[in-house]
Amino acid sequence: MSVAEPRRIVLFRHAKADWPQVPDHERPLAERGRMDAAVAGRKLADTGIPFDLALCSTATRTRETWKLAVHELPHRPKTVYEERVYEASPGELITLLNENPDDAQTVVLIGHNPGVQGLADVLAGADEGDARERMSNRGFPAAAFAVLTFEGSWKSLEPGAATLVDYWAPSD
């Protein structure tokens, strides 16, 4: 894989979580979240993007979201459950993405807000277009995902370096 080929990052927010009396990290998906995670998985499959690597927060709701979504994909990518995704800022998520191996062309990051939405905003910079307008209007609700592309190595990923090319969110 040449670093001259465009790379893709899919930022995927966990589906709707329940609020039982458990620590935040242990919150499971709500019934609606389980349904939305499967729908989001089908929408990810519809993009035709072949994922090389998945970086998933260790929180229960993100692991459950990914388990339901990945079941809908034609190919299951290598998945790394990464503690640093939980409660990460956009800058911390960029640092994590900078560590990706260069043989990974497309990475899906399954995480939380406000970090995921903030990362989409920071990476896309002043990018404009239909996907950006839809994301600006909807925000980044549970089970939403954004697809960004950039050129160069993972180590070169920085604010403003990517283009937002697609965005999807479940209907209310």
# chains A, B, ... in the order shown; residues from 1 in each chain; ligands from 1
call {"tool": "residues_around", "arguments": {"residues": "Thr62 (chain A)", "least_positions_apart": "4", "cutoff": "8 Å", "atoms": "only C-alpha atoms", "output": "MDAnalysis selection string"}}
result
chainID A and resid 13:15 56:58 66 110:112
call {"tool": "write_last_selection", "arguments": {"atoms": "N, CA and C atoms", "output": "mmCIF file, in the first residue's frame"}}
result
data_model
loop_
_atom_site.group_PDB
_atom_site.id
_atom_site.type_symbol
_atom_site.label_atom_id
_atom_site.label_comp_id
_atom_site.auth_asym_id
_atom_site.auth_seq_id
_atom_site.Cartn_x
_atom_site.Cartn_y
_atom_site.Cartn_z
ATOM 1 N N ARG A 13 -19.905 6.961 16.034
ATOM 2 C CA ARG A 13 -20.304 7.136 17.433
ATOM 3 C C ARG A 13 -21.146 5.937 17.872
ATOM 4 N N HIS A 14 -20.928 5.489 19.089
ATOM 5 C CA HIS A 14 -21.709 4.366 19.616
ATOM 6 C C HIS A 14 -23.205 4.669 19.532
ATOM 7 N N ALA A 15 -23.992 3.625 19.477
ATOM 8 C CA ALA A 15 -25.449 3.759 19.423
ATOM 9 C C ALA A 15 -25.986 4.154 20.805
ATOM 10 N N CYS A 56 -11.724 0.474 18.658
ATOM 11 C CA CYS A 56 -12.969 0.581 19.406
ATOM 12 C C CYS A 56 -12.681 0.870 20.872
ATOM 13 N N SER A 57 -13.408 1.826 21.410
ATOM 14 C CA SER A 57 -13.327 2.107 22.843
ATOM 15 C C SER A 57 -13.648 0.830 23.618
ATOM 16 N N THR A 58 -13.117 0.728 24.814
ATOM 17 C CA THR A 58 -13.382 -0.438 25.658
ATOM 18 C C THR A 58 -14.703 -0.336 26.410
ATOM 19 N N TRP A 66 -20.203 -2.018 18.018
ATOM 20 C CA TRP A 66 -19.345 -2.589 16.982
ATOM 21 C C TRP A 66 -19.712 -4.046 16.714
ATOM 22 N N ILE A 110 -14.539 3.618 16.603
ATOM 23 C CA ILE A 110 -15.832 3.561 17.275
ATOM 24 C C ILE A 110 -15.648 4.188 18.650
ATOM 25 N N GLY A 111 -16.276 5.364 18.837
ATOM 26 C CA GLY A 111 -16.028 6.103 20.063
ATOM 27 C C GLY A 111 -17.229 6.878 20.555
ATOM 28 N N HIS A 112 -16.927 7.966 21.233
ATOM 29 C CA HIS A 112 -17.900 8.731 22.002
ATOM 30 C C HIS A 112 -17.874 10.209 21.623
#
call {"tool": "residues_around", "arguments": {"residues": "Arg138 (chain A)", "least_positions_apart": "6", "cutoff": "10 Å", "atoms": "only C-alpha atoms", "output": "list in words"}}
result
Arg132, Ala144, Tyr167, Trp168, Ala169, Pro170 and Ser171 of chain A
call {"tool": "residues_around", "arguments": {"residues": "region 98-103 of chain A", "least_positions_apart": "4", "cutoff": "7 Å", "atoms": "only C-alpha atoms", "output": "short mmCIF file (atom, residue, chain, number, x, y, z; two decimals) with N, CA, C and O atoms, in the first residue's frame"}}
result
data_model
loop_
_atom_site.label_atom_id
_atom_site.label_comp_id
_atom_site.auth_asym_id
_atom_site.auth_seq_id
_atom_site.Cartn_x
_atom_site.Cartn_y
_atom_site.Cartn_z
N MET A 1 0.86 -1.18 0.00
CA MET A 1 0.00 0.00 0.00
C MET A 1 0.89 1.23 0.00
O MET A 1 1.74 1.38 0.85
N ILE A 94 -6.36 12.05 17.44
CA ILE A 94 -5.40 12.22 16.34
C ILE A 94 -4.09 11.52 16.69
O ILE A 94 -3.51 10.81 15.86
N SER A 153 0.80 9.62 5.09
CA SER A 153 0.91 8.55 6.08
C SER A 153 0.04 8.90 7.29
O SER A 153 -0.38 10.05 7.47
N TRP A 154 -0.22 7.90 8.11
CA TRP A 154 -0.99 8.15 9.34
C TRP A 154 -0.27 9.14 10.24
O TRP A 154 -0.90 9.95 10.90
N LYS A 155 1.05 9.09 10.21
CA LYS A 155 1.84 10.03 11.04
C LYS A 155 1.62 11.48 10.62
O LYS A 155 1.83 12.40 11.40
N LEU A 157 -1.29 12.78 9.66
CA LEU A 157 -2.65 13.24 9.92
C LEU A 157 -2.62 14.35 10.97
O LEU A 157 -2.03 14.20 12.04
#
call {"tool": "atom_distance", "arguments": {"atom1": "CA of Pro114 (chain A)", "atom2": "CA of Asp46 (chain A)"}}
result
26.0 Å
call {"tool": "select_by_dssp", "arguments": {"residues": "region 40-115 of chain A", "states": "strand (DSSP E)", "output": "VMD selection string"}}
result
chain A and resid 53 to 57 78 to 82 106 to 111
call {"tool": "write_last_selection", "arguments": {"atoms": "C-alpha atoms", "output": "PDB file, in the first residue's frame"}}
result
ATOM      1  CA  LEU A  53      -8.669  -1.898  11.063  1.00  0.00           C
ATOM      2  CA  ALA A  54     -11.227  -1.012  13.718  1.00  0.00           C
ATOM      3  CA  LEU A  55     -10.234   0.945  16.825  1.00  0.00           C
ATOM      4  CA  CYS A  56     -12.969   0.581  19.406  1.00  0.00           C
ATOM      5  CA  SER A  57     -13.327   2.107  22.843  1.00  0.00           C
ATOM      6  CA  LYS A  78      -8.963  -6.638  12.656  1.00  0.00           C
ATOM      7  CA  THR A  79     -10.401  -5.005  15.778  1.00  0.00           C
ATOM      8  CA  VAL A  80      -8.347  -3.413  18.539  1.00  0.00           C
ATOM      9  CA  TYR A  81     -10.141  -2.477  21.755  1.00  0.00           C
ATOM     10  CA  GLU A  82      -8.353   0.664  22.849  1.00  0.00           C
ATOM     11  CA  THR A 106      -9.060   2.469   5.977  1.00  0.00           C
ATOM     12  CA  VAL A 107      -9.706   2.680   9.709  1.00  0.00           C
ATOM     13  CA  VAL A 108     -12.999   2.861  11.556  1.00  0.00           C
ATOM     14  CA  LEU A 109     -12.890   4.425  15.012  1.00  0.00           C
ATOM     15  CA  ILE A 110     -15.832   3.561  17.275  1.00  0.00           C
ATOM     16  CA  GLY A 111     -16.028   6.103  20.063  1.00  0.00           C
TER      17      GLY A 111
END
call {"tool": "closest_residue", "arguments": {"among": "A:Gly91, A:Pro20, A:Pro50, A:Pro77", "to": "Arg8 (chain A)", "atoms": "only C-alpha atoms"}}
result
A:Pro50
call {"tool": "closest_atom_pairs", "arguments": {"of": "region 44-108 of chain A", "to": "region 30-34 of chain A", "cutoff": "12 Å", "atoms": "only C-alpha atoms", "output": "JSON lines"}}
result
{"residue": "A:Thr60", "atom": "CA", "partner": "A:Ala30", "partner_atom": "CA", "distance": 11.5}
{"residue": "A:Arg61", "atom": "CA", "partner": "A:Gly33", "partner_atom": "CA", "distance": 8.8}
{"residue": "A:Thr62", "atom": "CA", "partner": "A:Gly33", "partner_atom": "CA", "distance": 10.4}
{"residue": "A:Arg63", "atom": "CA", "partner": "A:Arg34", "partner_atom": "CA", "distance": 11.4}
{"residue": "A:Glu64", "atom": "CA", "partner": "A:Arg34", "partner_atom": "CA", "distance": 7.9}
{"residue": "A:Thr65", "atom": "CA", "partner": "A:Arg34", "partner_atom": "CA", "distance": 7.0}
{"residue": "A:Trp66", "atom": "CA", "partner": "A:Arg34", "partner_atom": "CA", "distance": 10.2}
{"residue": "A:Lys67", "atom": "CA", "partner": "A:Arg34", "partner_atom": "CA", "distance": 9.9}
{"residue": "A:Leu68", "atom": "CA", "partner": "A:Arg34", "partner_atom": "CA", "distance": 7.1}
{"residue": "A:Ala69", "atom": "CA", "partner": "A:Arg34", "partner_atom": "CA", "distance": 9.2}
call {"tool": "write_last_selection", "arguments": {"atoms": "N, CA, C and O atoms", "output": "PDB file, in the first residue's frame"}}
result
ATOM      1  N   THR A  60     -18.557  -0.564  27.328  1.00  0.00           N
ATOM      2  CA  THR A  60     -19.532  -1.590  26.956  1.00  0.00           C
ATOM      3  C   THR A  60     -20.375  -1.167  25.759  1.00  0.00           C
ATOM      4  O   THR A  60     -20.569  -1.934  24.817  1.00  0.00           O
ATOM      5  N   ARG A  61     -20.865   0.073  25.752  1.00  0.00           N
ATOM      6  CA  ARG A  61     -21.755   0.506  24.673  1.00  0.00           C
ATOM      7  C   ARG A  61     -21.055   0.567  23.315  1.00  0.00           C
ATOM      8  O   ARG A  61     -21.677   0.313  22.289  1.00  0.00           O
ATOM      9  N   THR A  62     -19.767   0.879  23.289  1.00  0.00           N
ATOM     10  CA  THR A  62     -19.060   0.903  22.006  1.00  0.00           C
ATOM     11  C   THR A  62     -18.762  -0.516  21.539  1.00  0.00           C
ATOM     12  O   THR A  62     -18.887  -0.811  20.348  1.00  0.00           O
ATOM     13  N   ARG A  63     -18.388  -1.386  22.459  1.00  0.00           N
ATOM     14  CA  ARG A  63     -18.130  -2.781  22.082  1.00  0.00           C
ATOM     15  C   ARG A  63     -19.407  -3.432  21.550  1.00  0.00           C
ATOM     16  O   ARG A  63     -19.377  -4.149  20.549  1.00  0.00           O
ATOM     17  N   GLU A  64     -20.550  -3.167  22.213  1.00  0.00           N
ATOM     18  CA  GLU A  64     -21.822  -3.724  21.743  1.00  0.00           C
ATOM     19  C   GLU A  64     -22.208  -3.141  20.385  1.00  0.00           C
ATOM     20  O   GLU A  64     -22.692  -3.865  19.511  1.00  0.00           O
ATOM     21  N   THR A  65     -22.005  -1.841  20.203  1.00  0.00           N
ATOM     22  CA  THR A  65     -22.308  -1.204  18.911  1.00  0.00           C
ATOM     23  C   THR A  65     -21.501  -1.861  17.804  1.00  0.00           C
ATOM     24  O   THR A  65     -22.045  -2.221  16.750  1.00  0.00           O
ATOM     25  N   TRP A  66     -20.203  -2.018  18.018  1.00  0.00           N
ATOM     26  CA  TRP A  66     -19.345  -2.589  16.982  1.00  0.00           C
ATOM     27  C   TRP A  66     -19.712  -4.046  16.714  1.00  0.00           C
ATOM     28  O   TRP A  66     -19.761  -4.481  15.564  1.00  0.00           O
ATOM     29  N   LYS A  67     -20.005  -4.807  17.746  1.00  0.00           N
ATOM     30  CA  LYS A  67     -20.365  -6.214  17.563  1.00  0.00           C
ATOM     31  C   LYS A  67     -21.600  -6.336  16.664  1.00  0.00           C
ATOM     32  O   LYS A  67     -21.655  -7.195  15.781  1.00  0.00           O
ATOM     33  N   LEU A  68     -22.594  -5.485  16.865  1.00  0.00           N
ATOM     34  CA  LEU A  68     -23.814  -5.527  16.048  1.00  0.00           C
ATOM     35  C   LEU A  68     -23.573  -4.978  14.641  1.00  0.00           C
ATOM     36  O   LEU A  68     -24.106  -5.503  13.666  1.00  0.00           O
ATOM     37  N   ALA A  69     -22.778  -3.926  14.526  1.00  0.00           N
ATOM     38  CA  ALA A  69     -22.518  -3.311  13.217  1.00  0.00           C
ATOM     39  C   ALA A  69     -21.627  -4.195  12.353  1.00  0.00           C
ATOM     40  O   ALA A  69     -21.902  -4.377  11.160  1.00  0.00           O
TER      41      ALA A  69
END
call {"tool": "residues_around", "arguments": {"residues": "region 134-136 of chain A", "least_positions_apart": "2", "cutoff": "12 Å", "atoms": "only C-alpha atoms", "output": "ChimeraX atom specification"}}
result
/A:117-118,120-121,124,127-132,138-141,144-147,164-170
call {"tool": "write_last_selection", "arguments": {"atoms": "C-alpha atoms", "output": "PDB file, in the first residue's frame"}}
result
ATOM      1  CA  GLN A 117     -17.755  14.974  16.506  1.00  0.00           C
ATOM      2  CA  GLY A 118     -14.913  17.239  17.540  1.00  0.00           C
ATOM      3  CA  ALA A 120     -14.625  15.194  12.478  1.00  0.00           C
ATOM      4  CA  ASP A 121     -14.786  18.994  12.751  1.00  0.00           C
ATOM      5  CA  ALA A 124     -12.243  18.516   8.031  1.00  0.00           C
ATOM      6  CA  ASP A 127     -14.273  21.852   4.351  1.00  0.00           C
ATOM      7  CA  GLU A 128     -17.693  22.573   2.871  1.00  0.00           C
ATOM      8  CA  GLY A 129     -20.191  20.438   1.015  1.00  0.00           C
ATOM      9  CA  ASP A 130     -23.331  18.355   1.375  1.00  0.00           C
ATOM     10  CA  ALA A 131     -21.895  15.980   3.988  1.00  0.00           C
ATOM     11  CA  ARG A 132     -20.613  18.894   6.075  1.00  0.00           C
ATOM     12  CA  ARG A 138     -27.796  17.051  12.657  1.00  0.00           C
ATOM     13  CA  GLY A 139     -24.800  17.181  14.957  1.00  0.00           C
ATOM     14  CA  PHE A 140     -23.409  13.735  15.727  1.00  0.00           C
ATOM     15  CA  PRO A 141     -26.237  11.712  17.300  1.00  0.00           C
ATOM     16  CA  ALA A 144     -23.954   8.385  13.351  1.00  0.00           C
ATOM     17  CA  PHE A 145     -20.810   8.069  11.272  1.00  0.00           C
ATOM     18  CA  ALA A 146     -18.637  10.360   9.167  1.00  0.00           C
ATOM     19  CA  VAL A 147     -16.270   9.305   6.385  1.00  0.00           C
ATOM     20  CA  LEU A 164     -15.418  15.007   4.850  1.00  0.00           C
ATOM     21  CA  VAL A 165     -16.887  12.896   2.024  1.00  0.00           C
ATOM     22  CA  ASP A 166     -19.902  11.231   3.657  1.00  0.00           C
ATOM     23  CA  TYR A 167     -22.063  11.456   6.747  1.00  0.00           C
ATOM     24  CA  TRP A 168     -24.971   9.347   7.976  1.00  0.00           C
ATOM     25  CA  ALA A 169     -27.171   9.480  11.064  1.00  0.00           C
ATOM     26  CA  PRO A 170     -30.201   7.392  11.996  1.00  0.00           C
TER      27      PRO A 170
END
call {"tool": "select_by_dssp", "arguments": {"residues": "region 112-145 of chain A", "states": "alpha helix (DSSP H)", "output": "PyMOL selection string"}}
result
chain A and resi 115-124+130-138
call {"tool": "write_last_selection", "arguments": {"atoms": "C-alpha atoms", "output": "mmCIF file, in the first residue's frame"}}
result
data_model
loop_
_atom_site.group_PDB
_atom_site.id
_atom_site.type_symbol
_atom_site.label_atom_id
_atom_site.label_comp_id
_atom_site.auth_asym_id
_atom_site.auth_seq_id
_atom_site.Cartn_x
_atom_site.Cartn_y
_atom_site.Cartn_z
ATOM 1 C CA GLY A 115 -14.554 13.533 20.924
ATOM 2 C CA VAL A 116 -15.841 11.908 17.724
ATOM 3 C CA GLN A 117 -17.755 14.974 16.506
ATOM 4 C CA GLY A 118 -14.913 17.239 17.540
ATOM 5 C CA LEU A 119 -12.459 15.078 15.620
ATOM 6 C CA ALA A 120 -14.625 15.194 12.478
ATOM 7 C CA ASP A 121 -14.786 18.994 12.751
ATOM 8 C CA VAL A 122 -11.049 19.389 13.427
ATOM 9 C CA LEU A 123 -9.908 17.034 10.662
ATOM 10 C CA ALA A 124 -12.243 18.516 8.031
ATOM 11 C CA ASP A 130 -23.331 18.355 1.375
ATOM 12 C CA ALA A 131 -21.895 15.980 3.988
ATOM 13 C CA ARG A 132 -20.613 18.894 6.075
ATOM 14 C CA GLU A 133 -23.983 20.658 5.871
ATOM 15 C CA ARG A 134 -25.830 17.488 6.965
ATOM 16 C CA MET A 135 -23.410 16.973 9.854
ATOM 17 C CA SER A 136 -23.718 20.622 10.901
ATOM 18 C CA ASN A 137 -27.515 20.392 10.836
ATOM 19 C CA ARG A 138 -27.796 17.051 12.657
#
call {"tool": "closest_residue", "arguments": {"among": "A:Ile49, A:Ala40, A:Val22, A:Leu29", "to": "Gln105 (chain A)", "atoms": "only C-alpha atoms"}}
result
A:Ile49
call {"tool": "atom_distance", "arguments": {"atom1": "CA of Ala162 (chain A)", "atom2": "CA of Gly125 (chain A)"}}
result
7.6 Å
call {"tool": "atom_distance", "arguments": {"atom1": "CA of Lys16 (chain A)", "atom2": "CA of Pro159 (chain A)"}}
result
28.0 Å
call {"tool": "decode", "arguments": {"residues": "region 11-22 of chain A", "atoms": "N, CA, C and O atoms", "output": "mmCIF file, in the first residue's frame"}}
result
data_model
loop_
_atom_site.group_PDB
_atom_site.id
_atom_site.type_symbol
_atom_site.label_atom_id
_atom_site.label_comp_id
_atom_site.auth_asym_id
_atom_site.auth_seq_id
_atom_site.Cartn_x
_atom_site.Cartn_y
_atom_site.Cartn_z
ATOM 1 N N LEU A 11 -15.448 7.738 11.348
ATOM 2 C CA LEU A 11 -15.678 8.054 12.759
ATOM 3 C C LEU A 11 -17.107 7.644 13.077
ATOM 4 O O LEU A 11 -18.051 8.170 12.488
ATOM 5 N N PHE A 12 -17.262 6.700 13.983
ATOM 6 C CA PHE A 12 -18.538 6.056 14.256
ATOM 7 C C PHE A 12 -18.841 6.221 15.748
ATOM 8 O O PHE A 12 -18.121 5.702 16.590
ATOM 9 N N ARG A 13 -19.905 6.961 16.034
ATOM 10 C CA ARG A 13 -20.304 7.136 17.433
ATOM 11 C C ARG A 13 -21.146 5.937 17.872
ATOM 12 O O ARG A 13 -21.971 5.437 17.114
ATOM 13 N N HIS A 14 -20.928 5.489 19.089
ATOM 14 C CA HIS A 14 -21.709 4.366 19.616
ATOM 15 C C HIS A 14 -23.205 4.669 19.532
ATOM 16 O O HIS A 14 -23.626 5.825 19.524
ATOM 17 N N ALA A 15 -23.992 3.625 19.477
ATOM 18 C CA ALA A 15 -25.449 3.759 19.423
ATOM 19 C C ALA A 15 -25.986 4.154 20.805
ATOM 20 O O ALA A 15 -25.247 4.199 21.796
ATOM 21 N N LYS A 16 -27.290 4.438 20.856
ATOM 22 C CA LYS A 16 -27.938 4.933 22.070
ATOM 23 C C LYS A 16 -27.756 3.969 23.238
ATOM 24 O O LYS A 16 -28.069 2.789 23.151
ATOM 25 N N ALA A 17 -27.253 4.522 24.324
ATOM 26 C CA ALA A 17 -26.989 3.730 25.526
ATOM 27 C C ALA A 17 -28.118 3.867 26.532
ATOM 28 O O ALA A 17 -28.864 4.848 26.537
ATOM 29 N N ASP A 18 -28.222 2.871 27.376
ATOM 30 C CA ASP A 18 -29.177 2.875 28.476
ATOM 31 C C ASP A 18 -28.525 3.584 29.667
ATOM 32 O O ASP A 18 -27.320 3.854 29.661
ATOM 33 N N TRP A 19 -29.316 3.914 30.676
ATOM 34 C CA TRP A 19 -28.819 4.619 31.852
ATOM 35 C C TRP A 19 -29.062 3.837 33.139
ATOM 36 O O TRP A 19 -29.625 4.364 34.097
ATOM 37 N N PRO A 20 -28.644 2.566 33.226
ATOM 38 C CA PRO A 20 -28.835 1.833 34.484
ATOM 39 C C PRO A 20 -27.860 2.360 35.544
ATOM 40 O O PRO A 20 -26.956 3.141 35.234
ATOM 41 N N GLN A 21 -28.031 1.905 36.736
ATOM 42 C CA GLN A 21 -27.170 2.336 37.847
ATOM 43 C C GLN A 21 -25.846 1.572 37.811
ATOM 44 O O GLN A 21 -25.576 0.717 38.655
ATOM 45 N N VAL A 22 -25.033 1.893 36.809
ATOM 46 C CA VAL A 22 -23.703 1.298 36.665
ATOM 47 C C VAL A 22 -22.739 2.424 36.320
ATOM 48 O O VAL A 22 -23.157 3.493 35.867
#
